[in-house]
Structures are given as C-alpha cells and as structure tokens.
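Shown below: model-v7.txt, with compact mmCIF, C-alpha atoms and all ligand atoms.
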```txt
# COMPACT_ATOMS: atom_id res chain seq x y z
CA MET A 106 -165.13 26.29 -150.61
CA GLY A 107 -164.23 29.95 -151.28
CA GLN A 108 -166.59 32.81 -150.57
CA LEU A 109 -167.63 33.25 -154.19
CA ALA A 110 -168.45 29.54 -154.54
CA GLU A 111 -170.48 29.72 -151.31
CA GLN A 112 -172.47 32.74 -152.51
CA LEU A 113 -173.06 31.06 -155.85
CA GLU A 114 -174.33 27.94 -154.08
CA GLU A 115 -176.62 30.09 -151.94
CA VAL A 116 -178.12 31.80 -155.00
CA ARG A 117 -178.60 28.40 -156.67
CA ALA A 118 -180.41 27.15 -153.57
CA HIS A 119 -182.70 30.20 -153.62
CA VAL A 120 -183.40 29.66 -157.32
CA ARG A 121 -184.40 26.06 -156.57
CA GLU A 122 -186.60 27.07 -153.63
CA ALA A 123 -188.34 29.85 -155.56
CA SER A 124 -188.93 27.50 -158.51
CA LEU A 125 -190.45 24.78 -156.35
CA ALA A 126 -192.54 27.31 -154.43
CA ALA A 127 -193.96 28.47 -157.78
CA GLY A 128 -194.68 24.90 -158.84
CA ARG A 129 -192.01 25.08 -161.53
CA SER A 130 -189.10 22.81 -162.34
CA PRO A 131 -185.78 24.30 -161.15
CA ASP A 132 -184.35 23.19 -164.52
CA ALA A 133 -186.60 25.73 -166.22
CA VAL A 134 -184.69 28.63 -164.68
CA ARG A 135 -181.18 29.44 -165.82
CA LEU A 136 -178.89 31.53 -163.66
CA ILE A 137 -176.82 34.15 -165.49
CA ALA A 138 -173.91 35.42 -163.40
CA VAL A 139 -173.63 39.14 -164.19
CA SER A 140 -169.90 39.78 -164.15
CA LYS A 141 -169.53 43.43 -165.23
CA GLY A 142 -166.83 45.14 -163.22
CA GLN A 143 -165.43 41.81 -162.00
CA PRO A 144 -161.95 40.58 -162.92
CA ALA A 145 -161.57 37.54 -165.16
CA SER A 146 -160.17 35.64 -162.17
CA ALA A 147 -163.56 35.89 -160.42
CA LEU A 148 -165.30 34.47 -163.48
CA ARG A 149 -162.80 31.64 -163.56
CA GLU A 150 -163.63 30.88 -159.94
CA ALA A 151 -167.36 30.83 -160.70
CA TYR A 152 -166.71 28.61 -163.71
CA ALA A 153 -164.75 26.19 -161.53
CA ALA A 154 -167.82 26.07 -159.27
CA GLY A 155 -169.94 25.02 -162.25
CA GLN A 156 -171.27 28.35 -163.55
CA ARG A 157 -171.50 28.48 -167.36
CA ASP A 158 -173.70 31.50 -168.24
CA PHE A 159 -172.24 34.97 -167.74
CA GLY A 160 -173.74 38.38 -168.44
CA GLU A 161 -171.76 41.45 -169.52
CA ASN A 162 -172.95 45.02 -170.11
CA TYR A 163 -170.12 46.69 -172.02
CA ALA A 164 -168.83 45.67 -175.44
CA GLN A 165 -165.15 46.27 -174.74
CA GLU A 166 -165.27 44.48 -171.41
CA LEU A 167 -166.99 41.52 -173.06
CA VAL A 168 -164.35 41.34 -175.79
CA ALA A 169 -161.46 41.57 -173.31
CA LYS A 170 -162.88 38.91 -170.99
CA SER A 171 -163.88 36.56 -173.77
CA ARG A 172 -160.24 36.64 -174.93
CA GLU A 173 -158.87 36.11 -171.43
CA LEU A 174 -161.23 33.20 -170.86
CA ALA A 175 -161.11 31.70 -174.35
CA ASP A 176 -159.88 28.39 -172.91
CA LEU A 177 -163.26 27.87 -171.16
CA LEU A 178 -164.90 26.48 -174.26
CA ASP A 179 -168.44 25.91 -172.98
CA LEU A 180 -168.78 29.29 -171.27
CA ARG A 181 -171.76 31.22 -172.68
CA TRP A 182 -171.79 35.03 -172.84
CA HIS A 183 -175.04 36.97 -172.62
CA PHE A 184 -174.88 40.61 -173.66
CA ILE A 185 -177.25 42.49 -171.31
CA GLY A 186 -176.15 46.12 -171.70
CA HIS A 187 -177.42 48.86 -173.94
CA LEU A 188 -176.17 48.03 -177.42
CA GLN A 189 -175.09 50.76 -179.80
CA ARG A 190 -175.02 50.02 -183.49
CA ASN A 191 -171.30 50.74 -183.78
CA LYS A 192 -170.53 48.19 -181.01
CA VAL A 193 -172.40 45.35 -182.67
CA LYS A 194 -169.31 44.15 -184.53
CA ASP A 195 -167.50 43.68 -181.20
CA VAL A 196 -170.34 41.85 -179.52
CA VAL A 197 -171.37 39.40 -182.24
CA GLY A 198 -168.20 37.36 -182.21
CA ALA A 199 -168.39 36.62 -178.50
CA ALA A 200 -172.03 36.61 -177.42
CA ALA A 201 -174.30 33.58 -177.58
CA ALA A 202 -177.31 35.75 -176.79
CA VAL A 203 -178.20 39.45 -176.82
CA HIS A 204 -180.95 40.45 -174.37
CA THR A 205 -181.29 44.11 -175.26
CA ILE A 206 -182.82 44.53 -178.71
CA ASP A 207 -185.00 47.64 -178.52
CA ARG A 208 -184.95 48.90 -182.10
CA LEU A 209 -184.79 47.37 -185.52
CA ALA A 210 -181.58 49.10 -186.68
CA VAL A 211 -179.52 47.26 -184.05
CA ALA A 212 -181.14 43.93 -184.88
CA GLU A 213 -180.44 44.43 -188.58
CA GLU A 214 -176.81 45.18 -187.86
CA LEU A 215 -176.55 42.07 -185.65
CA SER A 216 -178.12 39.97 -188.38
CA ARG A 217 -175.70 41.34 -190.99
CA ARG A 218 -172.59 40.76 -188.91
CA ALA A 219 -173.36 37.62 -186.91
CA PRO A 220 -170.93 34.84 -187.86
CA HIS A 221 -173.32 32.25 -186.42
CA ASP A 222 -176.91 31.93 -185.23
CA LEU A 223 -177.67 34.22 -182.33
CA ASP A 224 -180.44 34.14 -179.74
CA VAL A 225 -181.96 37.55 -179.16
CA LEU A 226 -184.47 38.99 -176.73
CA VAL A 227 -186.44 42.20 -177.07
CA GLU A 228 -185.93 44.57 -174.15
CA VAL A 229 -189.19 46.12 -173.02
CA ASN A 230 -189.53 49.41 -171.13
CA ILE A 231 -192.42 47.85 -169.27
CA GLU A 232 -193.67 50.96 -167.47
CA ALA A 233 -192.74 53.40 -170.26
CA GLU A 234 -190.28 55.24 -168.02
CA PRO A 235 -188.73 58.30 -169.68
CA GLN A 236 -184.98 58.04 -170.45
CA LYS A 237 -185.03 54.27 -170.04
CA ALA A 238 -183.86 51.81 -172.68
CA GLY A 239 -186.28 49.28 -174.10
CA ALA A 240 -189.11 49.24 -176.60
CA LEU A 241 -192.53 50.41 -175.48
CA ALA A 242 -194.92 47.50 -175.00
CA VAL A 243 -197.19 48.86 -177.73
CA ASP A 244 -194.32 48.72 -180.24
CA VAL A 245 -193.12 45.23 -179.31
CA PRO A 246 -195.39 43.15 -181.62
CA ALA A 247 -194.19 44.96 -184.76
CA LEU A 248 -190.56 44.89 -183.62
CA ALA A 249 -190.82 41.17 -182.79
CA ARG A 250 -192.22 40.41 -186.26
CA ALA A 251 -189.44 42.36 -187.97
CA VAL A 252 -186.67 40.82 -185.84
CA ASP A 253 -188.00 37.32 -186.34
CA ALA A 254 -187.78 37.77 -190.11
CA LEU A 255 -184.02 38.54 -190.02
CA PRO A 256 -181.54 35.83 -191.01
CA ARG A 257 -179.47 34.22 -188.24
CA LEU A 258 -181.41 35.88 -185.41
CA HIS A 259 -183.64 33.69 -183.26
CA LEU A 260 -186.11 35.70 -181.25
CA VAL A 261 -186.37 33.63 -178.07
CA GLY A 262 -187.82 35.97 -175.47
CA LEU A 263 -188.38 39.28 -173.73
CA MET A 264 -186.25 41.09 -171.16
CA ALA A 265 -187.05 43.89 -168.74
CA ILE A 266 -185.54 45.87 -165.90
CA PRO A 267 -188.48 47.04 -163.76
CA PRO A 268 -188.55 50.49 -162.16
CA ALA A 269 -186.16 50.75 -159.21
CA GLY A 270 -187.93 50.06 -155.93
CA ASP A 271 -186.82 49.40 -152.37
CA ALA A 272 -188.60 46.08 -151.99
CA ALA A 273 -188.49 42.96 -154.14
CA GLU A 274 -192.29 42.69 -154.06
CA ALA A 275 -192.56 46.08 -155.79
CA SER A 276 -191.24 44.41 -158.96
CA ARG A 277 -193.96 41.76 -159.05
CA PRO A 278 -196.59 43.61 -161.14
CA HIS A 279 -193.91 44.62 -163.66
CA PHE A 280 -192.68 41.04 -164.01
CA ALA A 281 -196.28 39.89 -164.41
CA ALA A 282 -196.83 42.49 -167.13
CA LEU A 283 -193.79 41.24 -169.07
CA ALA A 284 -195.01 37.64 -168.74
CA ARG A 285 -198.45 38.66 -170.06
CA LEU A 286 -196.92 40.43 -173.04
CA ALA A 287 -194.81 37.34 -173.84
CA ALA A 288 -197.88 35.11 -173.59
CA GLU A 289 -199.72 37.34 -176.08
CA LEU A 290 -196.79 37.28 -178.50
CA ARG A 291 -196.53 33.50 -178.34
CA ALA A 292 -199.58 33.13 -180.58
CA ASP A 293 -197.43 34.46 -183.46
CA HIS A 294 -194.02 33.46 -182.06
CA PRO A 295 -194.20 29.96 -180.59
CA ARG A 296 -190.46 29.94 -179.87
CA LEU A 297 -190.61 33.04 -177.73
CA VAL A 298 -190.26 31.16 -174.45
CA GLU A 299 -187.62 33.05 -172.45
CA LEU A 300 -188.33 35.71 -169.84
CA SER A 301 -185.12 37.48 -168.79
CA MET A 302 -186.08 39.20 -165.57
CA GLY A 303 -184.95 39.40 -161.95
CA MET A 304 -181.68 40.68 -160.44
CA SER A 305 -179.99 40.19 -157.04
CA GLN A 306 -182.75 41.96 -155.17
CA ASP A 307 -185.80 40.41 -156.76
CA TYR A 308 -184.94 37.21 -158.66
CA ALA A 309 -187.08 35.04 -156.37
CA VAL A 310 -190.12 37.21 -157.16
CA ALA A 311 -189.26 37.08 -160.87
CA ILE A 312 -189.15 33.27 -160.76
CA GLY A 313 -192.59 33.34 -159.14
CA GLU A 314 -193.82 35.28 -162.18
CA GLY A 315 -192.24 32.96 -164.74
CA ALA A 316 -188.62 34.11 -165.24
CA THR A 317 -186.54 31.59 -167.21
CA LEU A 318 -183.32 33.64 -167.15
CA VAL A 319 -182.35 35.50 -163.98
CA ARG A 320 -179.48 37.99 -164.12
CA VAL A 321 -177.68 38.03 -160.77
CA GLY A 322 -174.50 40.03 -160.10
CA THR A 323 -173.79 41.31 -156.61
CA ALA A 324 -175.43 38.39 -154.78
CA ILE A 325 -172.82 36.14 -156.42
CA PHE A 326 -169.74 38.34 -156.81
CA GLY A 327 -170.24 40.98 -154.12
CA ALA A 328 -169.93 44.70 -154.85
CA ARG A 329 -168.35 45.67 -158.17
CA ALA A 330 -166.04 48.43 -159.32
CA PRO A 331 -167.79 51.72 -160.20
CA LYS A 332 -169.77 51.86 -163.41
CA ARG A 333 -167.89 52.65 -166.58
CA THR A 334 -168.85 53.15 -170.16
CA GLY A 335 -167.68 51.63 -173.44
C1 LIG A 401 -175.93 44.90 -163.48
C2 LIG A 401 -177.11 44.24 -164.05
C3 LIG A 401 -177.69 43.11 -163.45
C4 LIG A 401 -177.22 42.54 -162.12
O1 LIG A 401 -177.54 43.40 -161.09
P1 LIG A 401 -177.31 42.97 -159.55
O2 LIG A 401 -178.17 43.88 -158.80
O3 LIG A 401 -175.86 43.16 -159.29
O4 LIG A 401 -177.71 41.55 -159.43
C5 LIG A 401 -178.76 42.50 -164.09
N1 LIG A 401 -179.24 42.96 -165.26
C6 LIG A 401 -178.72 44.05 -165.86
C7 LIG A 401 -179.30 44.51 -167.15
C8 LIG A 401 -177.65 44.71 -165.27
O5 LIG A 401 -177.15 45.81 -165.87
```
If you convert what's in this file into structure tokens, what do you get?
Ligand SMILES: *Cc1c(COP(=O)(O)O)cnc(C)c1O
Amino acid sequence: MGQLAEQLEEVRAHVREASLAAGRSPDAVRLIAVSKGQPASALREAYAAGQRDFGENYAQELVAKSRELADLLDLRWHFIGHLQRNKVKDVVGAAAAVHTIDRLAVAEELSRRAPHDLDVLVEVNIEAEPQKAGALAVDVPALARAVDALPRLHLVGLMAIPPAGDAAEASRPHFAALARLAAELRADHPRLVELSMGMSQDYAVAIGEGATLVRVGTAIFGARAPKRTG
C-alpha cells in the first residue's frame, strides 16, 4: 500500500472510532478528501483506494481536474471554496454539491444555470468573525427559506469553518452551535440533515458534535502547494 492509501486508511479508521465513541453509525459520516493543490494523479490514487467524494476550493481547478478525471464516473465533486457569482457557470457542470452558499444572489445564479439537481449547503459564519465568508446565524433562516424555494437546488445542510485555534477541542463549542442551528431549522426544513464541519485537525471532535460530512485534506494528501486564487 502506498503512503497516500495508508494515510487515507488511517483517517477512515479515526472516522470510525470517533463515530462509535459518539454512539453514531460510522455510515452516517462521509469523508470528503479535500484535494485543492494536489495533482490529479494523487486523486486517482485515492480513488483507487476507494475514495469517491472530493472537495475543491477553486472553480478553475475543479474544472481542470474534473476533465482530467472524467473517466472516473462515480467520483463526486464537492465545491467548498468561496463562490463568486461569475464562477457559478464553471462550477455547476462539475459539482454534485456546493457547500458555500452565503447569499441569495449566488444561489439564484446556481439555480438558473444548474443542468441537473444540485445539493447545496448554507455556509454559516458561526462566530460572526469580521472578514470571514458565511451568512450570519441570524440571517440563516430567511436565506434557507429563499434557497429552498429555488428550482433544482436541494438545501441539505449547513457548513462552517470555526475560528482558527491551536487545539481541536477549541472547535467543539462552534460545532455544537452549528448543530443547534441546524436542529432549529429542521422544523421548517426536514431534509436539512447534513452538517459539513471538521478538517484535518478537528474532524474527530466534529463527529462527536454530529458532523455528517468531514472535509479532510492534509491528513490524507500531506502538505499542498501554496494557496492560489481563481
Ligand atoms: C482546505 C480546506 C479544508 C481541508 O483542510 P485540511 O486542514 O487540509 O484538512 C477543509 N475545508 C475547507 C473549506 C478548506 O478550504
């Protein structure tokens, strides 16, 4: 087994352990391999080791990789980066899910251009940090109602990136806050069942607080090339 396959297996084992420790079924947690900055060959290796869900942050990178890997028919792309309205047309053709809806204009554009049904999640700026993407918690109910009314979009959950901290445990109250918000919304949105939360550092804590989608990059692929835009 190559190093990538070993790291992937290790993350899967941790996902299972954290699920069982929380009294949850491991099947209720889906691992998204965050592959930004990684070459298509690394994704192919992960795919060969059984990985099917991949997360990308940049529209152009998603488009390029989805072309390179078009032969992997059951691979699912999750768009997890900040989405600009003018990039929607690039993302809709490739993505099975978009995790980062934080304003109605982007959702409307997605709805207009989506060639097929699309799962979407509302990104929440859970601690109302300045300069951070995501809708404020107080604005989420109205946004969720408006998004849910759009054709072709299925509002399936909430996503958050908690404030940066040095310890995994520091994320726990933020994950719990997102889970509470989702539980409140479920009264009006029974299909809002997904919680996209937890990254390499803190996915075990996120699973303890109810994560159904964990977004793990470096723990699977190792360090990535420096951040780029586009
Ligand atoms: C890069 C990224 C991740 C993965 O981060 P790691 O620390 O490498 O696991 C998860 N979610 C989002 C939104 C990201 O941008």
Worksheet item: Hey, can you check how far CA of Ala247 (chain A) sits from CA of Ala288 (chain A)?
Response: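 Going from CA of Ala247 (chain A) over to CA of Ala288 (chain A), I get 15.3 Å.
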Worksheet entry | Pick from A:Ala309, A:Glu234, A:Gly327, A:Ala282 nearest to Ala127 (chain A), counting only C-alpha atoms |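 Using only C-alpha atoms, the shortest distance to Ala127 (chain A) belongs to A:Ala309.
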Practice prompt. Could you report the residues within 9 Å of ligand LIG 401 (chain A), using all atoms listed in the file, as a ChimeraX atom specification?
Written response: /A:137-141,160-162,184-187,204-205,264-266,301-308,319-329
Item to complete: Please provide as a list in words all residues within 12 Å of Asp179 (chain A), with the sequence filter that same-chain residues fewer than 6 positions apart are discarded (counting only C-alpha atoms).
Response: Tyr152, Gly155, Gln156, Arg157, Asp158, Phe159, Ser171 and Ala201 of chain A
Item to complete: Mind giving me the straight-line distance from CA of Gly315 (chain A) to CA of Ala199 (chain A) in Å, one decimal?
Response: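 Between these atoms lies a distance of 27.8 Å.
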Fill in: Residues within 9 Å of Arg190 (chain A), all atoms listed in the file, excluding chain neighbours under 6 positions, as a PyMOL selection string
chain A and resi 210-212+214-215
